[in-house]
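Asks: Next comes the structure file final.json, holding JSON, C-alpha atoms and all ligand atoms.
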[["chain", "number", "residue", "atom", "x", "y", "z"],
["Z", 2, "MET", "CA", -80.93, 0.12, 265.07],
["Z", 3, "LYS", "CA", -79.12, -0.81, 261.93],
["Z", 4, "THR", "CA", -77.44, -4.18, 262.17],
["Z", 5, "PHE", "CA", -73.69, -3.90, 261.96],
["Z", 6, "THR", "CA", -72.56, -6.86, 259.88],
["Z", 7, "SER", "CA", -70.55, -5.65, 256.91],
["Z", 8, "THR", "CA", -67.15, -4.03, 256.49],
["Z", 9, "PRO", "CA", -66.53, -1.53, 259.28],
["Z", 10, "ASN", "CA", -67.29, 2.04, 258.31],
["Z", 11, "VAL", "CA", -63.85, 3.38, 259.01],
["Z", 12, "PHE", "CA", -64.62, 6.93, 257.99],
["Z", 13, "GLY", "CA", -67.81, 6.99, 260.06],
["Z", 14, "ARG", "CA", -65.97, 5.67, 263.05],
["Z", 15, "PHE", "CA", -63.22, 8.24, 262.63],
["Z", 16, "PHE", "CA", -65.85, 10.97, 262.46],
["Z", 17, "ALA", "CA", -67.63, 9.66, 265.55],
["Z", 18, "LEU", "CA", -64.33, 9.64, 267.43],
["Z", 19, "GLN", "CA", -63.72, 13.22, 266.32],
["Z", 20, "ILE", "CA", -67.11, 14.22, 267.75],
["Z", 21, "LEU", "CA", -66.40, 12.38, 270.99],
["Z", 22, "THR", "CA", -62.96, 13.91, 271.22],
["Z", 23, "ALA", "CA", -64.41, 17.39, 270.72],
["Z", 24, "ALA", "CA", -67.05, 16.75, 273.38],
["Z", 25, "LEU", "CA", -64.53, 15.49, 275.91],
["Z", 26, "ALA", "CA", -61.63, 17.77, 275.03],
["Z", 27, "PHE", "CA", -60.10, 19.94, 277.67],
["Z", 28, "SER", "CA", -58.40, 23.08, 276.55],
["Z", 29, "ALA", "CA", -54.90, 22.39, 275.34],
["Z", 30, "ARG", "CA", -53.40, 25.87, 275.47],
["Z", 31, "ALA", "CA", -52.96, 26.81, 279.06],
["Z", 32, "GLY", "CA", -49.85, 27.92, 280.78],
["Z", 33, "VAL", "CA", -46.70, 28.75, 278.95],
["Z", 34, "VAL", "CA", -42.95, 28.66, 279.36],
["Z", 35, "LEU", "CA", -40.24, 30.34, 277.37],
["Z", 36, "ASP", "CA", -37.75, 28.24, 275.43],
["Z", 37, "LEU", "CA", -34.60, 30.21, 274.58],
["Z", 38, "ASN", "CA", -32.48, 28.98, 271.69],
["Z", 39, "TYR", "CA", -28.72, 29.45, 271.24],
["Z", 40, "GLY", "CA", -26.33, 28.82, 268.41],
["Z", 41, "PRO", "CA", -24.94, 27.84, 266.12],
["Z", 42, "VAL", "CA", -22.93, 25.78, 268.60],
["Z", 43, "SER", "CA", -21.62, 22.27, 267.91],
["Z", 44, "GLY", "CA", -21.47, 19.37, 270.36],
["Z", 45, "LEU", "CA", -23.73, 16.70, 271.78],
["Z", 46, "THR", "CA", -23.49, 17.51, 275.48],
["Z", 47, "VAL", "CA", -25.35, 20.05, 277.60],
["Z", 48, "SER", "CA", -21.98, 21.46, 278.67],
["Z", 49, "ALA", "CA", -21.45, 22.52, 275.03],
["Z", 50, "LEU", "CA", -24.43, 24.83, 275.60],
["Z", 51, "THR", "CA", -23.55, 26.03, 279.09],
["Z", 52, "ASN", "CA", -19.94, 26.75, 278.04],
["Z", 53, "PHE", "CA", -21.08, 28.58, 274.90],
["Z", 54, "VAL", "CA", -20.05, 32.24, 274.83],
["Z", 55, "ASP", "CA", -23.60, 33.39, 274.06],
["Z", 56, "TYR", "CA", -25.19, 31.45, 276.94],
["Z", 57, "PRO", "CA", -27.27, 32.59, 278.75],
["Z", 58, "ASN", "CA", -27.46, 36.25, 277.73],
["Z", 59, "ASN", "CA", -27.57, 36.12, 273.94],
["Z", 60, "PRO", "CA", -30.25, 33.74, 272.65],
["Z", 61, "VAL", "CA", -30.87, 33.87, 268.92],
["Z", 62, "SER", "CA", -34.58, 33.18, 269.24],
["Z", 63, "ALA", "CA", -37.35, 32.46, 271.74],
["Z", 64, "THR", "CA", -40.23, 30.03, 271.47],
["Z", 65, "ALA", "CA", -43.34, 30.07, 273.66],
["Z", 66, "LEU", "CA", -44.11, 26.47, 274.65],
["Z", 67, "THR", "CA", -47.90, 26.31, 275.01],
["Z", 68, "SER", "CA", -48.42, 22.56, 274.63],
["Z", 69, "GLY", "CA", -46.67, 21.42, 277.77],
["Z", 70, "LEU", "CA", -43.04, 20.90, 278.66],
["Z", 71, "ARG", "CA", -41.96, 19.81, 275.21],
["Z", 72, "GLU", "CA", -39.76, 21.51, 272.65],
["Z", 73, "PRO", "CA", -40.69, 21.62, 268.97],
["Z", 74, "VAL", "CA", -39.55, 18.42, 267.20],
["Z", 75, "ASP", "CA", -36.84, 18.67, 264.51],
["Z", 76, "PHE", "CA", -36.34, 22.34, 265.28],
["Z", 77, "GLY", "CA", -32.88, 22.55, 263.69],
["Z", 78, "ASN", "CA", -29.22, 21.57, 264.07],
["Z", 79, "THR", "CA", -26.22, 22.68, 266.14],
["Z", 80, "TYR", "CA", -28.34, 24.53, 268.69],
["Z", 81, "GLY", "CA", -28.84, 24.53, 272.44],
["Z", 82, "ALA", "CA", -32.07, 25.30, 274.28],
["Z", 83, "TRP", "CA", -32.80, 26.57, 277.79],
["Z", 84, "THR", "CA", -36.30, 26.59, 279.22],
["Z", 85, "ARG", "CA", -37.15, 27.76, 282.71],
["Z", 86, "GLY", "CA", -40.35, 28.36, 284.57],
["Z", 87, "PHE", "CA", -42.43, 26.96, 287.39],
["Z", 88, "ILE", "CA", -44.32, 23.73, 287.78],
["Z", 89, "GLU", "CA", -47.55, 23.98, 289.75],
["Z", 90, "ALA", "CA", -48.16, 20.72, 291.61],
["Z", 91, "PRO", "CA", -51.76, 19.55, 291.02],
["Z", 92, "GLN", "CA", -51.75, 17.05, 293.91],
["Z", 93, "ASP", "CA", -50.04, 16.45, 297.24],
["Z", 94, "GLY", "CA", -47.61, 13.54, 297.23],
["Z", 95, "GLN", "CA", -44.73, 11.86, 295.47],
["Z", 96, "TYR", "CA", -43.90, 12.56, 291.82],
["Z", 97, "THR", "CA", -41.53, 10.94, 289.34],
["Z", 98, "PHE", "CA", -40.05, 13.04, 286.51],
["Z", 99, "TRP", "CA", -38.81, 11.64, 283.20],
["Z", 100, "ILE", "CA", -36.73, 13.08, 280.35],
["Z", 101, "ALA", "CA", -36.37, 11.98, 276.73],
["Z", 102, "SER", "CA", -34.10, 13.95, 274.42],
["Z", 103, "ASP", "CA", -32.14, 13.98, 271.16],
["Z", 104, "ASP", "CA", -29.34, 14.78, 271.71],
["Z", 105, "ASP", "CA", -28.47, 15.24, 275.43],
["Z", 106, "GLY", "CA", -30.85, 16.78, 277.94],
["Z", 107, "GLN", "CA", -31.02, 17.69, 281.63],
["Z", 108, "PHE", "CA", -33.94, 18.54, 283.90],
["Z", 109, "PHE", "CA", -33.47, 20.52, 287.12],
["Z", 110, "LEU", "CA", -36.17, 21.04, 289.73],
["Z", 111, "SER", "CA", -35.98, 23.29, 292.77],
["Z", 112, "THR", "CA", -37.21, 22.29, 296.21],
["Z", 113, "ASP", "CA", -39.34, 25.46, 296.08],
["Z", 114, "GLU", "CA", -39.81, 28.53, 293.86],
["Z", 115, "ASN", "CA", -36.19, 29.65, 294.34],
["Z", 116, "PRO", "CA", -33.81, 29.03, 291.37],
["Z", 117, "ALA", "CA", -30.88, 28.73, 293.82],
["Z", 118, "ASN", "CA", -32.34, 25.49, 295.16],
["Z", 119, "ARG", "CA", -32.46, 23.69, 291.83],
["Z", 120, "VAL", "CA", -31.22, 20.11, 291.68],
["Z", 121, "LEU", "CA", -30.54, 17.86, 288.68],
["Z", 122, "VAL", "CA", -33.30, 15.24, 288.99],
["Z", 123, "CYS", "CA", -33.00, 13.37, 285.68],
["Z", 124, "HIS", "CA", -30.91, 13.52, 282.53],
["Z", 125, "ASN", "CA", -30.22, 11.78, 279.25],
["Z", 126, "ALA", "CA", -26.85, 11.35, 277.47],
["Z", 127, "GLY", "CA", -26.98, 9.97, 273.93],
["Z", 128, "TYR", "CA", -30.17, 10.35, 271.93],
["Z", 129, "VAL", "CA", -33.29, 8.30, 272.58],
["Z", 130, "GLY", "CA", -36.55, 8.15, 270.60],
["Z", 131, "ASP", "CA", -39.18, 10.85, 270.94],
["Z", 132, "GLN", "CA", -40.80, 10.47, 274.39],
["Z", 133, "SER", "CA", -38.99, 7.16, 274.94],
["Z", 134, "TYR", "CA", -38.39, 7.27, 278.69],
["Z", 135, "ASN", "CA", -37.16, 3.79, 279.62],
["Z", 136, "ASP", "CA", -33.91, 3.45, 277.68],
["Z", 137, "LYS", "CA", -31.59, 4.47, 280.54],
["Z", 138, "PRO", "CA", -31.95, 4.61, 284.33],
["Z", 139, "THR", "CA", -30.89, 8.27, 284.46],
["Z", 140, "GLN", "CA", -33.97, 9.32, 282.49],
["Z", 141, "LYS", "CA", -36.09, 8.71, 285.61],
["Z", 142, "SER", "CA", -35.95, 10.80, 288.78],
["Z", 143, "ALA", "CA", -36.19, 9.57, 292.34],
["Z", 144, "LEU", "CA", -39.55, 10.10, 294.08],
["Z", 145, "ILE", "CA", -40.01, 13.81, 294.79],
["Z", 146, "THR", "CA", -42.59, 15.09, 297.27],
["Z", 147, "LEU", "CA", -44.51, 18.19, 296.12],
["Z", 148, "GLN", "CA", -47.32, 20.17, 297.69],
["Z", 149, "LYS", "CA", -50.54, 20.95, 295.80],
["Z", 150, "GLY", "CA", -50.71, 24.55, 294.56],
["Z", 151, "ARG", "CA", -47.06, 25.34, 295.23],
["Z", 152, "LYS", "CA", -44.90, 26.45, 292.33],
["Z", 153, "TYR", "CA", -41.48, 24.82, 291.84],
["Z", 154, "TYR", "CA", -38.78, 26.41, 289.72],
["Z", 155, "PHE", "CA", -37.42, 24.20, 286.94],
["Z", 156, "GLU", "CA", -34.93, 24.31, 284.09],
["Z", 157, "MET", "CA", -34.80, 22.10, 281.00],
["Z", 158, "LEU", "CA", -31.48, 22.15, 279.13],
["Z", 159, "HIS", "CA", -31.06, 20.53, 275.75],
["Z", 160, "LYS", "CA", -28.28, 20.23, 273.18],
["Z", 161, "GLU", "CA", -28.81, 19.17, 269.59],
["Z", 162, "GLU", "CA", -25.97, 18.42, 267.19],
["Z", 163, "ASN", "CA", -27.43, 16.91, 264.01],
["Z", 164, "GLY", "CA", -30.18, 14.69, 262.68],
["Z", 165, "GLY", "CA", -33.43, 14.34, 264.61],
["Z", 166, "ASP", "CA", -34.04, 16.48, 267.70],
["Z", 167, "HIS", "CA", -36.56, 16.68, 270.52],
["Z", 168, "CYS", "CA", -36.73, 17.17, 274.28],
["Z", 169, "THR", "CA", -39.71, 16.41, 276.50],
["Z", 170, "ILE", "CA", -40.32, 16.12, 280.24],
["Z", 171, "ALA", "CA", -42.99, 13.72, 281.53],
["Z", 172, "TRP", "CA", -44.22, 12.96, 285.05],
["Z", 173, "THR", "CA", -45.98, 10.34, 287.08],
["Z", 174, "LEU", "CA", -48.42, 11.93, 289.53],
["Z", 175, "PRO", "CA", -48.95, 10.79, 293.13],
["Z", 176, "ASP", "CA", -52.12, 8.99, 291.98],
["Z", 177, "SER", "CA", -49.95, 7.03, 289.45],
["Z", 178, "THR", "CA", -51.23, 8.88, 286.37],
["Z", 179, "PHE", "CA", -48.44, 9.12, 283.76],
["Z", 180, "MET", "CA", -48.48, 12.22, 281.55],
["Z", 181, "THR", "CA", -46.23, 13.15, 278.64],
["Z", 182, "PRO", "CA", -45.47, 15.95, 278.37],
["Z", 183, "ILE", "CA", -46.10, 17.68, 281.68],
["Z", 184, "PRO", "CA", -49.25, 19.56, 280.63],
["Z", 185, "SER", "CA", -49.31, 23.29, 280.04],
["Z", 186, "ARG", "CA", -52.03, 23.70, 282.68],
["Z", 187, "SER", "CA", -49.38, 22.95, 285.32],
["Z", 188, "LEU", "CA", -46.82, 25.46, 283.97],
["Z", 189, "TRP", "CA", -46.22, 29.09, 284.92],
["Z", 190, "PRO", "CA", -43.73, 31.28, 283.03],
["Z", 191, "TYR", "CA", -40.59, 32.65, 284.63],
["Z", 192, "PRO", "CA", -41.13, 36.43, 284.81],
["Z", 193, "VAL", "CA", -38.76, 38.22, 282.47],
["Z", 194, "ASP", "CA", -38.43, 41.43, 280.56],
["Z", 195, "TYR", "CA", -39.72, 40.35, 277.16],
["Z", 196, "SER", "CA", -36.88, 42.08, 275.34],
["Z", 197, "SER", "CA", -33.84, 39.92, 274.60],
["Z", 198, "PRO", "CA", -31.89, 38.73, 276.60],
["Z", 199, "TYR", "CA", -34.98, 38.23, 278.75],
["Z", 200, "PRO", "CA", -33.59, 39.33, 282.12],
["Z", 201, "PRO", "CA", -35.57, 38.35, 285.24],
["Z", 202, "LEU", "CA", -38.16, 40.91, 286.30],
["Z", 203, "ALA", "CA", -40.20, 41.28, 289.49],
["Z", 204, "LYS", "CA", -43.89, 41.22, 288.55],
["Z", 205, "ALA", "CA", -47.21, 41.58, 290.28],
["Z", 206, "PRO", "CA", -49.59, 38.93, 288.90],
["Z", 207, "LEU", "CA", -50.37, 39.58, 285.24],
["Z", 208, "ILE", "CA", -53.21, 37.62, 283.66],
["Z", 209, "LEU", "CA", -52.15, 36.71, 280.12],
["Z", 210, "THR", "CA", -54.13, 36.45, 276.91],
["Z", 211, "ASP", "CA", -51.03, 35.89, 274.82],
["Z", 212, "TYR", "CA", -47.35, 35.30, 275.37],
["Z", 213, "LEU", "CA", -44.93, 36.82, 272.86],
["Z", 214, "GLY", "CA", -47.86, 36.89, 270.43],
["Z", 215, "THR", "CA", -48.84, 33.26, 270.98],
["Z", 216, "PRO", "CA", -52.43, 32.99, 272.34],
["Z", 217, "VAL", "CA", -52.78, 31.34, 275.75],
["Z", 218, "ASP", "CA", -55.87, 30.29, 277.68],
["Z", 219, "ASN", "CA", -57.74, 32.84, 279.69],
["Z", 220, "LEU", "CA", -61.15, 33.00, 281.28],
["Z", 221, "PRO", "CA", -63.79, 34.48, 278.92],
["Z", 222, "ALA", "CA", -66.61, 36.64, 280.36],
["Z", 223, "THR", "CA", -69.05, 33.78, 279.97],
["Z", 224, "VAL", "CA", -68.61, 30.03, 279.78],
["Z", 225, "SER", "CA", -71.41, 27.91, 278.30],
["Z", 226, "VAL", "CA", -71.81, 24.20, 278.82],
["Z", 227, "GLU", "CA", -74.50, 21.58, 278.29],
["Z", 228, "GLU", "CA", -75.82, 20.13, 281.54],
["Z", 229, "ASN", "CA", -73.85, 17.27, 283.08],
["Z", 230, "ARG", "CA", -70.81, 18.05, 280.94],
["Z", 231, "PRO", "CA", -67.37, 18.93, 282.31],
["Z", 232, "VAL", "CA", -66.15, 22.51, 282.53],
["Z", 233, "ASP", "CA", -62.48, 23.39, 282.63],
["Z", 234, "MET", "CA", -61.61, 26.97, 283.54],
["Z", 235, "ILE", "CA", -57.98, 27.88, 282.99],
["Z", 236, "VAL", "CA", -56.07, 31.08, 283.65],
["Z", 237, "THR", "CA", -52.52, 31.77, 282.51],
["Z", 238, "VAL", "CA", -50.59, 34.00, 284.91],
["Z", 239, "ASP", "CA", -47.16, 35.62, 284.83],
["Z", 240, "ALA", "CA", -46.04, 36.47, 288.38],
["Z", 241, "THR", "CA", -43.11, 36.60, 290.72],
["Z", 242, "GLN", "CA", -43.29, 33.59, 293.02],
["Z", 243, "PRO", "CA", -44.55, 32.64, 295.46],
["Z", 244, "ALA", "CA", -47.99, 33.45, 294.07],
["Z", 245, "TYR", "CA", -51.20, 32.09, 295.54],
["Z", 246, "VAL", "CA", -54.48, 31.27, 293.79],
["Z", 247, "GLN", "CA", -57.98, 31.10, 295.22],
["Z", 248, "TRP", "CA", -61.16, 30.37, 293.24],
["Z", 249, "TYR", "CA", -64.56, 31.63, 294.42],
["Z", 250, "SER", "CA", -68.05, 30.54, 293.42],
["Z", 251, "ASN", "CA", -70.72, 33.23, 293.95],
["Z", 252, "ASN", "CA", -68.12, 35.03, 296.08],
["Z", 253, "VAL", "CA", -67.58, 32.08, 298.41],
["Z", 254, "ALA", "CA", -64.08, 30.61, 298.51],
["Z", 255, "ILE", "CA", -63.98, 27.06, 297.16],
["Z", 256, "ALA", "CA", -62.03, 24.81, 299.53],
["Z", 257, "GLY", "CA", -58.90, 23.40, 297.91],
["Z", 258, "ALA", "CA", -59.37, 25.35, 294.65],
["Z", 259, "ASN", "CA", -55.90, 26.88, 294.54],
["Z", 260, "LEU", "CA", -54.58, 25.90, 291.11],
["Z", 261, "ALA", "CA", -54.46, 28.06, 287.99],
["Z", 262, "SER", "CA", -57.18, 25.81, 286.59],
["Z", 263, "TYR", "CA", -60.53, 24.81, 288.08],
["Z", 264, "ASN", "CA", -62.53, 21.84, 286.84],
["Z", 265, "ILE", "CA", -66.18, 20.96, 287.34],
["Z", 266, "ALA", "CA", -66.57, 17.28, 286.50],
["Z", 267, "SER", "CA", -70.27, 17.55, 285.68],
["Z", 268, "ALA", "CA", -72.11, 20.88, 285.47],
["Z", 269, "ALA", "CA", -75.57, 20.53, 287.05],
["Z", 270, "LEU", "CA", -78.40, 22.80, 285.86],
["Z", 271, "GLY", "CA", -78.40, 24.42, 289.29],
["Z", 272, "LEU", "CA", -75.04, 26.02, 288.46],
["Z", 273, "ASN", "CA", -76.63, 28.09, 285.68],
["Z", 274, "GLY", "CA", -75.80, 31.75, 286.33],
["Z", 275, "ALA", "CA", -73.12, 31.02, 288.90],
["Z", 276, "THR", "CA", -70.13, 33.34, 288.92],
["Z", 277, "TYR", "CA", -66.57, 32.07, 289.22],
["Z", 278, "LEU", "CA", -63.76, 34.31, 290.32],
["Z", 279, "MET", "CA", -60.04, 33.52, 290.32],
["Z", 280, "VAL", "CA", -57.81, 35.72, 292.48],
["Z", 281, "VAL", "CA", -54.02, 35.48, 292.30],
["Z", 282, "THR", "CA", -51.81, 37.24, 294.82],
["Z", 283, "ASN", "CA", -48.10, 37.70, 295.43],
["Z", 284, "SER", "CA", -46.01, 40.06, 297.53],
["Z", 285, "MET", "CA", -46.34, 42.80, 294.90],
["Z", 286, "GLY", "CA", -50.09, 42.81, 294.41],
["Z", 287, "SER", "CA", -53.04, 40.84, 293.19],
["Z", 288, "ASN", "CA", -55.15, 40.36, 290.10],
["Z", 289, "ALA", "CA", -58.46, 38.70, 289.37],
["Z", 290, "VAL", "CA", -60.59, 37.42, 286.52],
["Z", 291, "ALA", "CA", -64.23, 36.31, 286.62],
["Z", 292, "THR", "CA", -66.74, 34.48, 284.47],
["Z", 293, "THR", "CA", -70.43, 33.60, 284.52],
["Z", 294, "LEU", "CA", -71.38, 30.02, 283.86],
["Z", 295, "THR", "CA", -74.33, 29.24, 281.56],
["Z", 296, "VAL", "CA", -75.60, 25.67, 281.82],
["Z", 297, "ASN", "CA", -77.89, 24.71, 278.95],
["Z", 298, "THR", "CA", -80.52, 22.00, 279.18],
["Z", 299, "ASP", "CA", -79.63, 18.96, 277.13],
["Z", 300, "THR", "CA", -82.63, 18.99, 274.76],
["Z", 301, "THR", "CA", -81.09, 17.03, 271.94],
["Z", 302, "ALA", "CA", -82.31, 13.45, 271.80],
["Z", 303, "PRO", "CA", -79.51, 10.90, 271.74],
["Z", 304, "THR", "CA", -78.49, 9.86, 268.26],
["Z", 305, "LEU", "CA", -76.42, 6.89, 267.27],
["Z", 306, "VAL", "CA", -72.94, 8.00, 266.27],
["Z", 307, "ASP", "CA", -71.20, 4.65, 265.99],
["Z", 308, "ALA", "CA", -71.48, 0.93, 266.52],
["Z", 309, "LEU", "CA", -68.36, -1.13, 267.08],
["Z", 310, "ASN", "CA", -68.40, -4.87, 266.42],
["Z", 311, "LEU", "CA", -65.93, -6.23, 268.94],
["Z", 312, "GLY", "CA", -65.46, -9.39, 266.86],
["Z", 313, "ASN", "CA", -65.95, -11.65, 269.86],
["Z", 314, "PRO", "CA", -67.75, -15.04, 269.74],
["Z", 315, "GLY", "CA", -70.75, -13.58, 271.58],
["Z", 316, "GLY", "CA", -71.27, -11.02, 268.80],
["Z", 317, "VAL", "CA", -71.24, -8.12, 271.25],
["Z", 318, "ILE", "CA", -71.67, -4.73, 269.60],
["Z", 319, "VAL", "CA", -70.83, -1.46, 271.34],
["Z", 320, "VAL", "CA", -73.08, 1.44, 270.41],
["Z", 321, "ILE", "CA", -72.13, 5.06, 271.03],
["Z", 322, "PHE", "CA", -74.76, 7.78, 271.44],
["Z", 323, "SER", "CA", -74.26, 11.51, 271.28],
["P", 401, "CA", "CA", -31.83, 18.36, 264.10],
["P", 402, "CA", "CA", -29.79, 14.83, 267.00]]
Represent the structure of the file as structure tokens.
Replies:
Amino acid sequence: MKTFTSTPNVFGRFFALQILTAALAFSARAGVVLDLNYGPVSGLTVSALTNFVDYPNNPVSATALTSGLREPVDFGNTYGAWTRGFIEAPQDGQYTFWIASDDDGQFFLSTDENPANRVLVCHNAGYVGDQSYNDKPTQKSALITLQKGRKYYFEMLHKEENGGDHCTIAWTLPDSTFMTPIPSRSLWPYPVDYSSPYPPLAKAPLILTDYLGTPVDNLPATVSVEENRPVDMIVTVDATQPAYVQWYSNNVAIAGANLASYNIASAALGLNGATYLMVVTNSMGSNAVATTLTVNTDTTAPTLVDALNLGNPGGVIVVIFS
């Protein structure tokens, strides 16, 4: 091994981190919600949007949010935005929701999939920094108990006057993991007629490959992975709620696998050739998508990708292998 004594190789380290990031990366484009934009309408408060003559039936544009529950940053001025959809709870237990917005923002969550049961759970008045959640007590919700696999209707309302603008919803999971934004893998779209003004529509489950032209994650016919690496299978579904998911492996139902995504933490060689099937059902019908898993033997000898001198008195060096 080469001794690591001189100036740190910043570029090399960056490159090594890129490789590691690529190896560990989970898919980032799963799930989608529709962000409807209104304006021009002046004012800082959410009521300036909800009292606007064109709200809710005459949005000027629509944006598919595919990177979690987060609006585009610095989208414009004198506009209001309304996003609705469903949050799929990934765990059983108590959640905390957080909002950060510029200018004012409100987040409503239903006690179930029914929009009529929505409740304001957190809000922000007066701008805060992007994803800055601890400026005001109202930015944080009370503890809210959710059930794994259930879908909960939500609405995010946001009003921008001038200057910077953003609006993001974060959560703390029952296991204390904090995530900003709420990831797209936990979002389901609200079923609408895609023509403006996007009226609600009853839909049997529809497995999406794109949403308003924006690609979303779907299950390819085959998924390849190197042995002992993680596999993340994600399906994006548009459906009237309640909708129920069940994953099968080699046609056997997998206990507890009832989310729109299914993760294998470490793919053993024995899983090579296994089939995975995701079935989604609601009162109007069902749909399914399947894939075959290919697990490749890890035949590449480990190579040194980086060595990090921790600068401690003991001279400890961390080495990273591929
Ligand atoms: Ca702005
Ligand atoms: Ca602003």
Asks: Suppose you want the space between atom CA of Z:Ala289 and atom CA of Z:Ser185; what is it in Å?
Replies: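 These atoms are spaced 20.2 Å apart.
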Asks: If you measure from atom CA of Z:Asn135 to atom CA of Z:Thr79, what distance in Å do you get, rounded to one decimal?
Replies: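 Taking atom CA of Z:Asn135 as the start and atom CA of Z:Thr79 as the end point, the length is 25.7 Å.
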Asks: Which residue, Z:Gln132, Z:Val122, Z:Phe109, Z:Asn259, has the smallest gap to Z:Gln148 when you use all atoms listed in the file?
Replies: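 Nearest candidate to Z:Gln148 out of Z:Gln132, Z:Val122, Z:Phe109, Z:Asn259: Z:Asn259.
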Asks: Do a neighbour search on Z:Lys149 at 8 Å with all atoms listed in the file, toss out local chain neighbours closer than 2 positions, and write the hits as a list in words.
Replies: Glu89, Ala90, Pro91, Gln92, Asp93, Leu147, Arg151 and Leu260 of chain Z
Asks: Please dump the current selection as a short mmCIF file (atom, residue, chain, number, x, y, z; two decimals), in the coordinates of the input; keep C-alpha atoms.
Replies:
data_model
loop_
_atom_site.label_atom_id
_atom_site.label_comp_id
_atom_site.auth_asym_id
_atom_site.auth_seq_id
_atom_site.Cartn_x
_atom_site.Cartn_y
_atom_site.Cartn_z
CA GLU Z 89 -47.55 23.98 289.75
CA ALA Z 90 -48.16 20.72 291.61
CA PRO Z 91 -51.76 19.55 291.02
CA GLN Z 92 -51.75 17.05 293.91
CA ASP Z 93 -50.04 16.45 297.24
CA LEU Z 147 -44.51 18.19 296.12
CA ARG Z 151 -47.06 25.34 295.23
CA LEU Z 260 -54.58 25.90 291.11
#
Asks: Grab me every residue within 10 Å of ligand CA 402 (chain P), counting all atoms listed in the file, and send it over as a list in words.
Replies: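 Listing the residues within 10 Å of ligand CA 402 (chain P) gives Leu45, Asp75, Gly77, Asn78, Thr79, Tyr80, Ser102, Asp103, Asp104, Asp105, Gly127, Tyr128, Val129, Lys160, Glu161, Glu162, Asn163, Gly164, Gly165, Asp166 and His167 of chain Z.
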